[in-house]
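First up is the structure itself, then whatever we jot down about it.
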Amino acid sequence: NSPKPLFKVLLSFSICPSLRFIKINSNFCSKKGMAKLSILLCIAIAFMLSFTLREVVAHTGTATFYTPPYVPSACNGYRKDGVMIAAASDAIWDDGAACGRKYKVKCTGATNQSPHPCRGKKYVVVKVVDYCPSGCEGTIDLSQEAFASIADPDAGKIKISFHQYVNLIINLSIQEHDISLADMGRNMAVGLIGIFNFRTSACTGYQNDGVMIAAASDAFWDGGSSCGRNYKVECRGATSQGDPNPCRGQDYMVVKIVDYCPSGCQGTIDLSQEAFAAIANPDAGKIEISFHQYVDHLLMLLSAVALVSNCML
């Protein structure tokens, strides 16, 4: 039996929405176009795999954290870089060449301070903006917010694996949204550290989902179907209130939907305090954004393989 029906099933769930988005029609799989496409996809797949395999040779070390204020920094002076940042020890500082590098950091276990420190997200991506001088207690000194997204801050120090991170995302299966508004969080006025830390969420109850999270408004709550979806959110500019130039720090932030922002929600998406602060000045309160559903690059790789196979059979 031909495996072609299997690929058609894969296409129906992953590739077909992409084709509608980029407006590729049925002539896409013509013999003439297929040769060029196969070469391009093979190059793309090899390139993606080369970065995926970097995790196999990840370094090991320890991580500590430091607290605000985060400026001035050794790399950027008084420029604010958000909160998903870190200071490099001599092990990775490289005489300042580490400035601006991004590292993917994963909690792997305890030092002798806490028996089970790992929690929340599987990993965090941080940007090196500062130097942790001689005598630094960790290989990498994370911001308080970055540390808290992967481990219990009470641990103080954790074992980690880490490697330099290269942002390689090929978006084949996305739905782009027009500029809309992001509200900073309903509970900011009462001084909570993040909007989900002290209450249950509509999606996961008391489950701890870290801090890179958000609540969906009626615009895309979709009767609860948005629970668990990841969205890539980029600050585009100011609204008519607050800071006229609010965008700062990271170019974008990926957040997971874990809650519902009910009718009357001030934004299209209601970010946690930490997620908002990673891309914009918290004093702005509300910003203009572009956002789309985020799909992991491994899924993109599988989708590309399915597409080539379908066309070649």
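By order in the structure tokens, chains are A, B, ...; within a chain, residues start at 1; ligands start at 1, following the order shown.
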Query - Polymer residues at most 10 Å from A:Met84, only C-alpha atoms, same-chain spacing of 4 or more positions, as a list in words - result: Lys102, Val124, Val125, Val126, Lys127, Val128, Val129, Leu142, Ser143, Gln144, Glu145, Ala146, Phe147, Ser149, Gly249, Gln250, Met253, Glu274, Ala275, Ala277, Ala278 and Ile279 of chain A
Could those residues be written to a file, using N, CA, C and O atoms, as a short mmCIF file (atom, residue, chain, number, x, y, z; two decimals), in the first residue's frame?
data_model
loop_
_atom_site.label_atom_id
_atom_site.label_comp_id
_atom_site.auth_asym_id
_atom_site.auth_seq_id
_atom_site.Cartn_x
_atom_site.Cartn_y
_atom_site.Cartn_z
N LYS A 102 22.67 35.22 23.26
CA LYS A 102 21.53 34.62 23.94
C LYS A 102 21.87 33.19 24.31
O LYS A 102 22.50 32.48 23.53
N VAL A 124 14.58 28.66 29.66
CA VAL A 124 14.40 30.09 29.44
C VAL A 124 15.52 30.56 28.53
O VAL A 124 16.64 30.04 28.58
N VAL A 125 15.22 31.51 27.66
CA VAL A 125 16.23 32.11 26.80
C VAL A 125 16.55 33.50 27.35
O VAL A 125 15.65 34.33 27.51
N VAL A 126 17.81 33.72 27.65
CA VAL A 126 18.22 35.00 28.22
C VAL A 126 19.31 35.65 27.37
O VAL A 126 20.03 34.97 26.64
N LYS A 127 19.38 36.95 27.49
CA LYS A 127 20.39 37.73 26.76
C LYS A 127 21.44 38.23 27.76
O LYS A 127 21.10 38.75 28.82
N VAL A 128 22.71 38.06 27.43
CA VAL A 128 23.78 38.52 28.31
C VAL A 128 23.92 40.04 28.17
O VAL A 128 24.19 40.55 27.08
N VAL A 129 23.73 40.74 29.29
CA VAL A 129 23.83 42.20 29.29
C VAL A 129 24.80 42.72 30.35
O VAL A 129 25.04 43.92 30.43
N LEU A 142 21.43 34.72 36.41
CA LEU A 142 20.18 35.09 35.76
C LEU A 142 19.49 36.24 36.48
O LEU A 142 19.68 36.44 37.69
N SER A 143 18.67 36.97 35.75
CA SER A 143 17.79 37.93 36.42
C SER A 143 16.84 37.16 37.33
O SER A 143 16.61 35.95 37.12
N GLN A 144 16.28 37.83 38.30
CA GLN A 144 15.34 37.17 39.21
C GLN A 144 14.17 36.56 38.46
O GLN A 144 13.73 35.44 38.73
N GLU A 145 13.67 37.29 37.44
CA GLU A 145 12.51 36.84 36.68
C GLU A 145 12.85 35.61 35.83
O GLU A 145 12.04 34.68 35.71
N ALA A 146 14.02 35.60 35.22
CA ALA A 146 14.43 34.46 34.40
C ALA A 146 14.61 33.21 35.27
O ALA A 146 14.18 32.12 34.91
N PHE A 147 15.26 33.39 36.42
CA PHE A 147 15.47 32.27 37.34
C PHE A 147 14.12 31.70 37.80
O PHE A 147 13.91 30.48 37.80
N SER A 149 11.35 31.63 36.36
CA SER A 149 10.56 30.96 35.32
C SER A 149 10.94 29.49 35.15
O SER A 149 10.19 28.72 34.55
N GLY A 249 13.81 46.05 25.33
CA GLY A 249 14.19 44.68 25.67
C GLY A 249 14.18 43.77 24.46
O GLY A 249 14.68 44.10 23.38
N GLN A 250 13.58 42.60 24.62
CA GLN A 250 13.56 41.58 23.58
C GLN A 250 12.70 42.01 22.39
O GLN A 250 11.77 42.79 22.53
N MET A 253 8.23 38.06 22.54
CA MET A 253 8.10 37.14 23.67
C MET A 253 7.09 36.06 23.28
O MET A 253 6.08 36.35 22.64
N GLU A 274 5.73 39.71 33.90
CA GLU A 274 7.07 39.38 33.43
C GLU A 274 7.16 39.38 31.91
O GLU A 274 8.13 39.84 31.32
N ALA A 275 6.12 38.84 31.24
CA ALA A 275 6.11 38.79 29.78
C ALA A 275 6.02 40.20 29.20
O ALA A 275 6.72 40.55 28.24
N ALA A 277 6.98 43.00 30.65
CA ALA A 277 8.22 43.72 30.92
C ALA A 277 9.37 43.28 30.02
O ALA A 277 10.34 44.01 29.85
N ALA A 278 9.26 42.08 29.44
CA ALA A 278 10.32 41.59 28.56
C ALA A 278 10.35 42.32 27.23
O ALA A 278 11.38 42.34 26.55
N ILE A 279 9.22 42.90 26.83
CA ILE A 279 9.15 43.58 25.52
C ILE A 279 8.80 45.05 25.60
O ILE A 279 8.90 45.77 24.60
#
**Report entry** Residue neighbourhood A:Pro117, 10 Å, only C-alpha atoms, exclusion window fewer than 4 positions, as a PyMOL selection string
**Finding:** chain A and resi 107-111+113+148+150-159
List the spatial neighbours of A:Ala214 as a PDB file with N, CA and C atoms, in the first residue's frame - criterion: any atom at most 7 Å away, only C-alpha atoms, same-chain residues fewer than 3 positions off excluded.
ATOM      1  N   VAL A 255       4.461  33.440  24.702  1.00  0.00           N
ATOM      2  CA  VAL A 255       3.694  33.175  25.920  1.00  0.00           C
ATOM      3  C   VAL A 255       2.693  32.047  25.686  1.00  0.00           C
ATOM      4  N   LYS A 256       2.326  31.394  26.770  1.00  0.00           N
ATOM      5  CA  LYS A 256       1.358  30.305  26.727  1.00  0.00           C
ATOM      6  C   LYS A 256       0.044  30.781  27.326  1.00  0.00           C
ATOM      7  N   ILE A 257      -1.067  30.473  26.656  1.00  0.00           N
ATOM      8  CA  ILE A 257      -2.383  30.856  27.168  1.00  0.00           C
ATOM      9  C   ILE A 257      -2.793  29.904  28.284  1.00  0.00           C
ATOM     10  N   VAL A 258      -2.997  30.469  29.472  1.00  0.00           N
ATOM     11  CA  VAL A 258      -3.395  29.653  30.617  1.00  0.00           C
ATOM     12  C   VAL A 258      -4.650  30.186  31.307  1.00  0.00           C
ATOM     13  N   ASP A 259      -5.181  31.320  30.822  1.00  0.00           N
ATOM     14  CA  ASP A 259      -6.311  31.933  31.520  1.00  0.00           C
ATOM     15  C   ASP A 259      -7.198  32.710  30.554  1.00  0.00           C
ATOM     16  N   ILE A 269      -4.845  40.622  24.327  1.00  0.00           N
ATOM     17  CA  ILE A 269      -4.168  39.579  25.105  1.00  0.00           C
ATOM     18  C   ILE A 269      -3.651  40.223  26.392  1.00  0.00           C
ATOM     19  N   ASP A 270      -3.829  39.525  27.504  1.00  0.00           N
ATOM     20  CA  ASP A 270      -3.480  40.053  28.815  1.00  0.00           C
ATOM     21  C   ASP A 270      -2.231  39.316  29.302  1.00  0.00           C
ATOM     22  N   LEU A 271      -1.078  39.961  29.149  1.00  0.00           N
ATOM     23  CA  LEU A 271       0.205  39.328  29.455  1.00  0.00           C
ATOM     24  C   LEU A 271       0.492  39.320  30.954  1.00  0.00           C
ATOM     25  N   SER A 272       1.274  38.346  31.394  1.00  0.00           N
ATOM     26  CA  SER A 272       1.787  38.402  32.755  1.00  0.00           C
ATOM     27  C   SER A 272       2.719  39.605  32.852  1.00  0.00           C
TER      28      SER A 272
END
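Compared by their closest atoms to A:Asp222, and using only C-alpha atoms, the residues A:Ile160, A:Cys132, A:Ala58, A:Cys261 rank with A:Cys261 nearest.
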